[in-house]
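S.K.: Enclosed is the structure file target_35.cif (mmCIF, C-alpha atoms).
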```cif
data_model
#
loop_
_atom_site.label_atom_id
_atom_site.label_comp_id
_atom_site.auth_asym_id
_atom_site.auth_seq_id
_atom_site.Cartn_x
_atom_site.Cartn_y
_atom_site.Cartn_z
CA MET A 1004 -11.86 -0.61 -22.22
CA ASN A 1005 -9.03 -1.90 -24.43
CA THR A 1006 -8.35 1.66 -25.54
CA PHE A 1007 -6.66 2.28 -22.19
CA LEU A 1008 -6.10 -0.99 -20.32
CA ASN A 1009 -3.98 -4.05 -20.99
CA PRO A 1010 -6.09 -7.20 -21.46
CA GLU A 1011 -4.33 -8.71 -18.43
CA SER A 1012 -5.52 -5.77 -16.32
CA ILE A 1013 -9.11 -6.36 -17.36
CA TYR A 1014 -8.70 -10.03 -16.39
CA SER A 1015 -7.30 -9.03 -12.98
CA LEU A 1016 -10.23 -6.69 -12.37
CA GLU A 1017 -12.62 -9.51 -13.14
CA HIS A 1018 -10.88 -12.41 -11.36
CA SER A 1019 -8.94 -11.02 -8.38
CA ASN A 1020 -9.55 -12.38 -4.88
CA TYR A 1021 -9.75 -8.79 -3.75
CA LYS A 1022 -11.88 -9.29 -0.64
CA ASP A 1023 -9.54 -11.92 0.82
CA GLN A 1024 -6.38 -9.83 0.73
CA LYS A 1025 -4.65 -8.76 3.93
CA PRO A 1026 -4.58 -6.47 5.82
CA PHE A 1027 -7.69 -5.10 4.06
CA PRO A 1028 -9.31 -5.66 0.65
CA HIS A 1029 -7.05 -4.57 -2.19
CA VAL A 1030 -5.45 -5.57 -5.47
CA VAL A 1031 -2.10 -4.74 -7.07
CA ILE A 1032 -2.13 -4.79 -10.88
CA ASP A 1033 1.11 -4.36 -12.82
CA ASN A 1034 1.21 -3.11 -16.42
CA PHE A 1035 -2.22 -1.57 -15.83
CA LEU A 1036 -2.40 0.72 -18.86
CA ASN A 1037 -1.45 -0.31 -22.37
CA ASN A 1038 1.95 0.78 -23.68
CA ASP A 1039 0.79 3.77 -25.69
CA THR A 1040 -1.30 5.16 -22.85
CA ILE A 1041 1.30 4.75 -20.10
CA LYS A 1042 3.95 6.46 -22.26
CA LEU A 1043 1.62 9.37 -22.93
CA VAL A 1044 0.55 9.75 -19.30
CA THR A 1045 4.07 9.45 -17.91
CA LYS A 1046 5.42 12.03 -20.36
CA PHE A 1047 2.69 14.45 -19.33
CA SER A 1048 3.24 13.86 -15.62
CA LYS A 1049 7.00 14.40 -15.88
CA SER A 1050 6.38 17.63 -17.81
CA LEU A 1051 4.34 19.18 -14.99
CA LYS A 1052 6.17 22.03 -13.29
CA LEU A 1053 6.12 22.29 -9.51
CA GLU A 1054 5.31 26.00 -9.67
CA ASN A 1055 2.18 25.25 -11.73
CA CYS A 1056 0.54 22.95 -9.19
CA ASN A 1057 -3.04 23.58 -8.03
CA TYR A 1058 -2.23 22.88 -4.39
CA LYS A 1059 0.79 22.04 -2.27
CA SER A 1060 1.30 20.33 1.08
CA GLU A 1061 4.93 20.28 2.22
CA ASN A 1062 6.69 18.15 -0.45
CA LYS A 1063 3.47 17.05 -2.18
CA TYR A 1064 2.28 18.86 -5.30
CA GLY A 1065 -1.20 18.28 -6.73
CA TYR A 1066 -2.63 18.91 -10.18
CA ASN A 1067 -6.40 18.37 -10.09
CA ASN A 1068 -7.77 20.76 -12.71
CA ILE A 1069 -8.92 18.37 -15.41
CA ASN A 1070 -9.66 21.30 -17.70
CA SER A 1071 -5.92 22.06 -17.84
CA TYR A 1072 -5.05 18.55 -19.07
CA PRO A 1073 -4.48 17.78 -22.76
CA ASP A 1074 -7.44 16.04 -24.41
CA GLU A 1075 -5.73 12.62 -24.43
CA ILE A 1076 -5.06 12.81 -20.67
CA LYS A 1077 -8.54 14.14 -19.98
CA GLU A 1078 -9.97 11.12 -21.81
CA LEU A 1079 -8.16 8.75 -19.44
CA ILE A 1080 -9.53 10.54 -16.36
CA ILE A 1081 -13.02 10.45 -17.84
CA PHE A 1082 -12.59 6.73 -18.52
CA LEU A 1083 -11.53 6.03 -14.91
CA ASN A 1084 -14.79 7.65 -13.81
CA SER A 1085 -16.97 6.13 -16.52
CA LYS A 1086 -19.85 3.70 -16.08
CA GLU A 1087 -17.90 1.07 -18.03
CA PHE A 1088 -14.88 1.16 -15.71
CA ILE A 1089 -16.74 1.75 -12.45
CA GLU A 1090 -18.90 -1.30 -13.09
CA LYS A 1091 -15.68 -3.35 -13.16
CA VAL A 1092 -14.51 -1.71 -9.91
CA GLU A 1093 -17.88 -2.36 -8.25
CA LYS A 1094 -17.75 -6.03 -9.21
CA LEU A 1095 -14.15 -6.28 -7.99
CA THR A 1096 -14.80 -4.64 -4.62
CA GLY A 1097 -18.38 -5.67 -3.99
CA ILE A 1098 -19.26 -2.00 -3.42
CA PRO A 1099 -22.35 -0.97 -5.46
CA ASP A 1100 -23.79 2.39 -6.49
CA CYS A 1101 -20.54 4.34 -6.85
CA ILE A 1102 -20.93 7.85 -8.22
CA ILE A 1103 -20.29 7.81 -11.98
CA GLY A 1104 -18.74 10.65 -13.94
CA ASN A 1105 -17.20 12.45 -10.95
CA THR A 1106 -14.21 14.23 -12.47
CA THR A 1107 -14.07 17.08 -9.94
CA LEU A 1108 -10.86 15.40 -8.70
CA LYS A 1109 -10.83 17.06 -5.26
CA GLY A 1110 -7.60 15.71 -3.77
CA GLY A 1111 -7.13 13.45 -6.78
CA GLY A 1112 -5.56 13.87 -10.20
CA PHE A 1113 -1.78 13.95 -10.61
CA HIS A 1114 0.50 13.98 -7.57
CA LYS A 1115 4.24 14.66 -7.29
CA ILE A 1116 6.35 14.05 -4.19
CA THR A 1117 9.82 15.62 -4.13
CA ASN A 1118 12.97 14.49 -2.31
CA THR A 1119 12.57 13.96 1.48
CA GLY A 1120 8.79 13.99 1.05
CA PHE A 1121 6.56 11.45 2.75
CA LEU A 1122 2.95 10.74 3.67
CA GLY A 1123 2.31 9.53 7.19
CA LEU A 1124 0.29 6.41 7.92
CA HIS A 1125 -3.40 7.27 7.97
CA THR A 1126 -6.97 6.33 7.27
CA ASP A 1127 -8.77 8.64 4.86
CA PHE A 1128 -11.59 11.04 5.63
CA ASN A 1129 -14.83 9.07 5.44
CA ASN A 1130 -17.33 11.64 4.18
CA THR A 1131 -17.51 14.89 2.23
CA CYS A 1132 -20.08 16.62 4.43
CA GLU A 1133 -17.60 19.10 5.89
CA GLY A 1134 -17.56 21.20 2.76
CA ILE A 1135 -14.85 19.29 0.90
CA TYR A 1136 -17.03 19.46 -2.18
CA LYS A 1137 -20.48 18.77 -3.56
CA TYR A 1138 -21.35 16.56 -6.49
CA ASP A 1139 -24.64 17.19 -8.31
CA ALA A 1140 -25.95 18.95 -5.17
CA ILE A 1141 -25.36 15.83 -3.03
CA ASP A 1142 -24.08 17.22 0.25
CA SER A 1143 -22.89 13.97 1.80
CA LEU A 1144 -20.81 11.32 0.04
CA ASP A 1145 -19.06 8.37 1.66
CA ARG A 1146 -15.52 7.71 0.46
CA ARG A 1147 -15.29 4.04 -0.50
CA ILE A 1148 -12.42 3.17 -2.89
CA ASN A 1149 -8.98 4.54 -3.79
CA LEU A 1150 -7.18 3.89 -7.08
CA LEU A 1151 -3.49 4.80 -7.25
CA LEU A 1152 -1.50 4.49 -10.48
CA TYR A 1153 2.26 5.01 -10.27
CA LEU A 1154 4.26 6.78 -12.98
CA ASN A 1155 7.88 6.19 -11.99
CA PRO A 1156 10.24 4.68 -14.60
CA GLU A 1157 13.30 2.83 -13.28
CA TRP A 1158 12.32 3.39 -9.64
CA LYS A 1159 14.80 1.80 -7.23
CA GLU A 1160 14.29 0.26 -3.80
CA GLU A 1161 16.71 2.72 -2.24
CA TYR A 1162 14.54 5.63 -3.39
CA LYS A 1163 11.95 4.55 -0.76
CA GLY A 1164 8.39 5.77 -1.34
CA HIS A 1165 6.85 2.31 -0.81
CA LEU A 1166 3.11 2.30 -0.14
CA TRP A 1167 2.61 0.62 3.25
CA LEU A 1168 -0.54 -1.35 4.03
CA CYS A 1169 -0.90 -1.91 7.77
CA ASN A 1170 -2.92 -4.21 9.97
CA LYS A 1171 -4.73 -1.95 12.44
CA ASP A 1172 -5.58 -4.67 14.96
CA GLU A 1173 -2.19 -6.39 15.02
CA LYS A 1174 -0.14 -3.18 14.65
CA LYS A 1175 1.73 -4.86 11.81
CA ILE A 1176 3.09 -3.72 8.43
CA GLU A 1177 1.61 -6.33 6.09
CA LYS A 1178 2.86 -5.04 2.73
CA LYS A 1179 5.28 -2.54 1.26
CA ILE A 1180 4.49 -1.82 -2.39
CA LEU A 1181 7.17 -0.20 -4.56
CA PRO A 1182 5.67 2.63 -6.70
CA ILE A 1183 7.03 1.39 -10.03
CA LEU A 1184 5.86 2.51 -13.45
CA ASN A 1185 2.35 1.36 -14.45
CA ARG A 1186 1.59 -0.36 -11.13
CA CYS A 1187 -1.99 0.19 -10.00
CA VAL A 1188 -3.23 -0.31 -6.44
CA ILE A 1189 -6.96 -0.36 -5.68
CA PHE A 1190 -8.22 -0.66 -2.11
CA SER A 1191 -11.33 -0.12 -0.02
CA THR A 1192 -11.19 2.97 2.20
CA THR A 1193 -12.48 1.79 5.57
CA ASN A 1194 -11.67 2.61 9.18
CA LYS A 1195 -9.10 -0.21 9.11
CA ALA A 1196 -7.38 0.77 5.85
CA ILE A 1197 -4.19 2.27 7.29
CA HIS A 1198 -1.82 3.23 4.49
CA GLY A 1199 0.82 5.78 3.51
CA HIS A 1200 4.45 6.12 2.46
CA PRO A 1201 5.99 7.20 5.77
CA GLU A 1202 9.66 6.78 4.82
CA ARG A 1203 11.14 9.97 3.42
CA LEU A 1204 12.07 9.83 -0.25
CA ASN A 1205 15.75 9.53 -1.06
CA VAL A 1206 15.92 10.36 -4.76
CA PRO A 1207 18.52 11.98 -7.03
CA GLU A 1208 18.01 15.55 -8.15
CA GLY A 1209 15.27 15.90 -10.74
CA ILE A 1210 13.39 12.71 -9.80
CA THR A 1211 9.92 12.85 -8.25
CA ARG A 1212 7.47 10.20 -7.09
CA ASP A 1213 4.55 10.62 -9.52
CA SER A 1214 1.09 9.09 -9.48
CA ILE A 1215 -2.52 9.45 -10.51
CA ALA A 1216 -5.17 9.16 -7.80
CA SER A 1217 -8.85 8.48 -8.43
CA TYR A 1218 -11.34 8.24 -5.57
CA TYR A 1219 -14.78 6.67 -5.65
CA TYR A 1220 -17.79 7.60 -3.52
CA THR A 1221 -21.31 6.45 -2.74
CA LYS A 1222 -24.23 8.61 -1.62
CA ASN A 1223 -24.45 8.73 2.16
CA THR A 1224 -27.66 7.36 3.66
CA GLY A 1225 -26.69 7.49 7.34
CA LYS A 1226 -27.34 11.20 7.95
CA ASN A 1227 -24.83 11.76 10.78
CA VAL A 1228 -22.68 8.66 10.28
CA CYS A 1229 -20.79 7.03 7.41
CA PHE A 1230 -21.47 3.62 5.84
CA GLU A 1231 -19.57 1.93 8.69
CA GLY A 1232 -21.58 3.73 11.35
CA ASP A 1233 -18.70 6.01 12.33
CA ASN A 1234 -19.05 9.72 12.95
CA PHE A 1235 -17.83 11.82 10.05
CA HIS A 1236 -14.14 12.62 10.36
CA SER A 1237 -11.18 14.03 8.47
CA THR A 1238 -7.94 12.12 7.82
CA ILE A 1239 -6.70 10.24 10.91
CA TYR A 1240 -2.93 9.80 11.26
CA TYR A 1241 -1.02 7.07 13.11
CA LYS A 1242 2.51 6.84 14.48
CA THR A 1243 4.83 4.85 12.24
CA SER A 1244 6.66 3.59 15.33
CA ASP A 1245 3.50 1.80 16.49
CA PHE A 1246 3.73 -0.70 13.61
CA ILE A 1247 6.23 -3.54 13.17
CA GLU A 1248 7.08 -5.80 10.22
#
```
Show me this structure written as structure tokens.
M.R.:
Amino acid sequence: MNTFLNPESIYSLEHSNYKDQKPFPHVVIDNFLNNDTIKLVTKFSKSLKLENCNYKSENKYGYNNINSYPDEIKELIIFLNSKEFIEKVEKLTGIPDCIIGNTTLKGGGFHKITNTGFLGLHTDFNNTCEGIYKYDAIDSLDRRINLLLYLNPEWKEEYKGHLWLCNKDEKKIEKKILPILNRCVIFSTTNKAIHGHPERLNVPEGITRDSIASYYYTKNTGKNVCFEGDNFHSTIYYKTSDFIE
């Protein structure tokens, strides 16, 4: 654990009042990785070329082929999906039986957002049954937890790109989280977990909004519904104008 994480991060994982946070369960941990690891990961992320991405959606570029990562970076991704780390995440969130060792990284891995890019407010897809991917022949997985780690040195407020956390019932923006270097955000992906970075980036030439995303799943036991009893659905988007600060 200490190979990758700062001791303070381990403490936060073990002692956060995660479940009591508003507008939905989450934790923000600064200085998540130790100094050597964050330098290595940031250098790699900034070296990634836009034209070499594995998938692209408007101004978002994704790099999710773990086999193309250098060994040191691959080791971090394996750690984030290891039994040792996931046990900490399960204790933090209260969500048991997460799939261990899932490094297929569908939708996850490294992300880059270029100037004027944004991600509208949304709740995530709740299940993988629609052919998103299989894991060890399990056809139906419920999406339960997101981990986002930001890789943006000297990021300024005026660059925008804040992660918004919104209260679905009160139509309120509860938090705006600046995506600064080595800041980790972990939150439960439920039907109330409205999030995104809906303000377009305003960055100088050559600067991108970089991050690592890791998603955690449990085996679905509801047949035609997810763990919350909802029908299976893809990403659901919301109008930014419907939410106030």
S.K.: Can you list, as a list in words, every protein, DNA or RNA residue that comes within 8 Å of Thr1107 (chain A) when you count only C-alpha atoms, leaving out same-chain residues fewer than 6 positions away?
M.R.: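 Those residues are Asn1067, Asn1068 and Ile1069 of chain A.
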S.K.: When you draw a straight line from CA of Leu1043 (chain A) to CA of Arg1146 (chain A), how long is it in Å?
M.R.: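 Taking CA of Leu1043 (chain A) as the start and CA of Arg1146 (chain A) as the end point, the length is 29.0 Å.
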S.K.: Using the chain letters and residue numbers of this document, give as a PDB file with C-alpha atoms, in the frame of the given file the residues selected by the PyMOL selection byres ((chain A and resi 1203) around 8).
M.R.:
```
ATOM      1  CA  ASN A1118      12.970  14.490  -2.310  1.00  0.00           C
ATOM      2  CA  THR A1119      12.570  13.960   1.480  1.00  0.00           C
ATOM      3  CA  GLY A1120       8.790  13.990   1.050  1.00  0.00           C
ATOM      4  CA  PHE A1121       6.560  11.450   2.750  1.00  0.00           C
ATOM      5  CA  LYS A1163      11.950   4.550  -0.760  1.00  0.00           C
ATOM      6  CA  GLY A1164       8.390   5.770  -1.340  1.00  0.00           C
ATOM      7  CA  HIS A1200       4.450   6.120   2.460  1.00  0.00           C
ATOM      8  CA  PRO A1201       5.990   7.200   5.770  1.00  0.00           C
ATOM      9  CA  GLU A1202       9.660   6.780   4.820  1.00  0.00           C
ATOM     10  CA  LEU A1204      12.070   9.830  -0.250  1.00  0.00           C
ATOM     11  CA  ASN A1205      15.750   9.530  -1.060  1.00  0.00           C
TER      12      ASN A1205
END
```
S.K.: List as a PyMOL selection string the protein and nucleic acid residues near Asn1038 (chain A), meaning an atom at most 12 Å away when all atoms listed in the file are counted, but skip any in the same chain fewer than 2 places from it.
M.R.: chain A and resi 1005-1010+1034-1036+1040-1045+1184-1185
S.K.: Given the file shown, determine the residues that the PyMOL selection byres ((chain A and resi 1081-1095) around 7) selects; report them as a VMD selection string.
M.R.: chain A and resid 1016 to 1017 1021 1077 to 1080 1096 to 1099 1103 to 1106
S.K.: Would you save the residues of that selection, restricted to C-alpha atoms, as a compact mmCIF listing (two decimals), keeping the file's coordinate frame?
M.R.:
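The result, stored in out27.txt:
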```
# COMPACT_ATOMS: atom_id res chain seq x y z
CA LEU A 1016 -10.23 -6.69 -12.37
CA GLU A 1017 -12.62 -9.51 -13.14
CA TYR A 1021 -9.75 -8.79 -3.75
CA LYS A 1077 -8.54 14.14 -19.98
CA GLU A 1078 -9.97 11.12 -21.81
CA LEU A 1079 -8.16 8.75 -19.44
CA ILE A 1080 -9.53 10.54 -16.36
CA THR A 1096 -14.80 -4.64 -4.62
CA GLY A 1097 -18.38 -5.67 -3.99
CA ILE A 1098 -19.26 -2.00 -3.42
CA PRO A 1099 -22.35 -0.97 -5.46
CA ILE A 1103 -20.29 7.81 -11.98
CA GLY A 1104 -18.74 10.65 -13.94
CA ASN A 1105 -17.20 12.45 -10.95
CA THR A 1106 -14.21 14.23 -12.47
```
S.K.: Quick one: residues within 9 Å of region 1220-1226 of chain A, all atoms listed in the file, excluding same-chain residues fewer than 5 positions away - as a PyMOL selection string?
M.R.: chain A and resi 1098-1103+1105+1130+1141-1148+1232
S.K.: Please report the interatomic distance between CA of Ala1196 (chain A) and CA of Ser1015 (chain A) in Å with one decimal.
M.R.: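 Interatomic distance, CA of Ala1196 (chain A) to CA of Ser1015 (chain A): 21.2 Å.
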S.K.: Taking into account all atoms listed in the file, which residue in the set A:Pro1182, A:Pro1026, A:Gly1065, A:Pro1207 is nearest to Phe1113 (chain A)?
M.R.: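 Smallest separation from Phe1113 (chain A) among the options: A:Gly1065.
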S.K.: Take CA of Val1030 (chain A) and CA of Cys1187 (chain A) and report the distance between them in Å, one decimal.
M.R.: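 Spanning CA of Val1030 (chain A) to CA of Cys1187 (chain A) is a straight-line distance of 8.1 Å.
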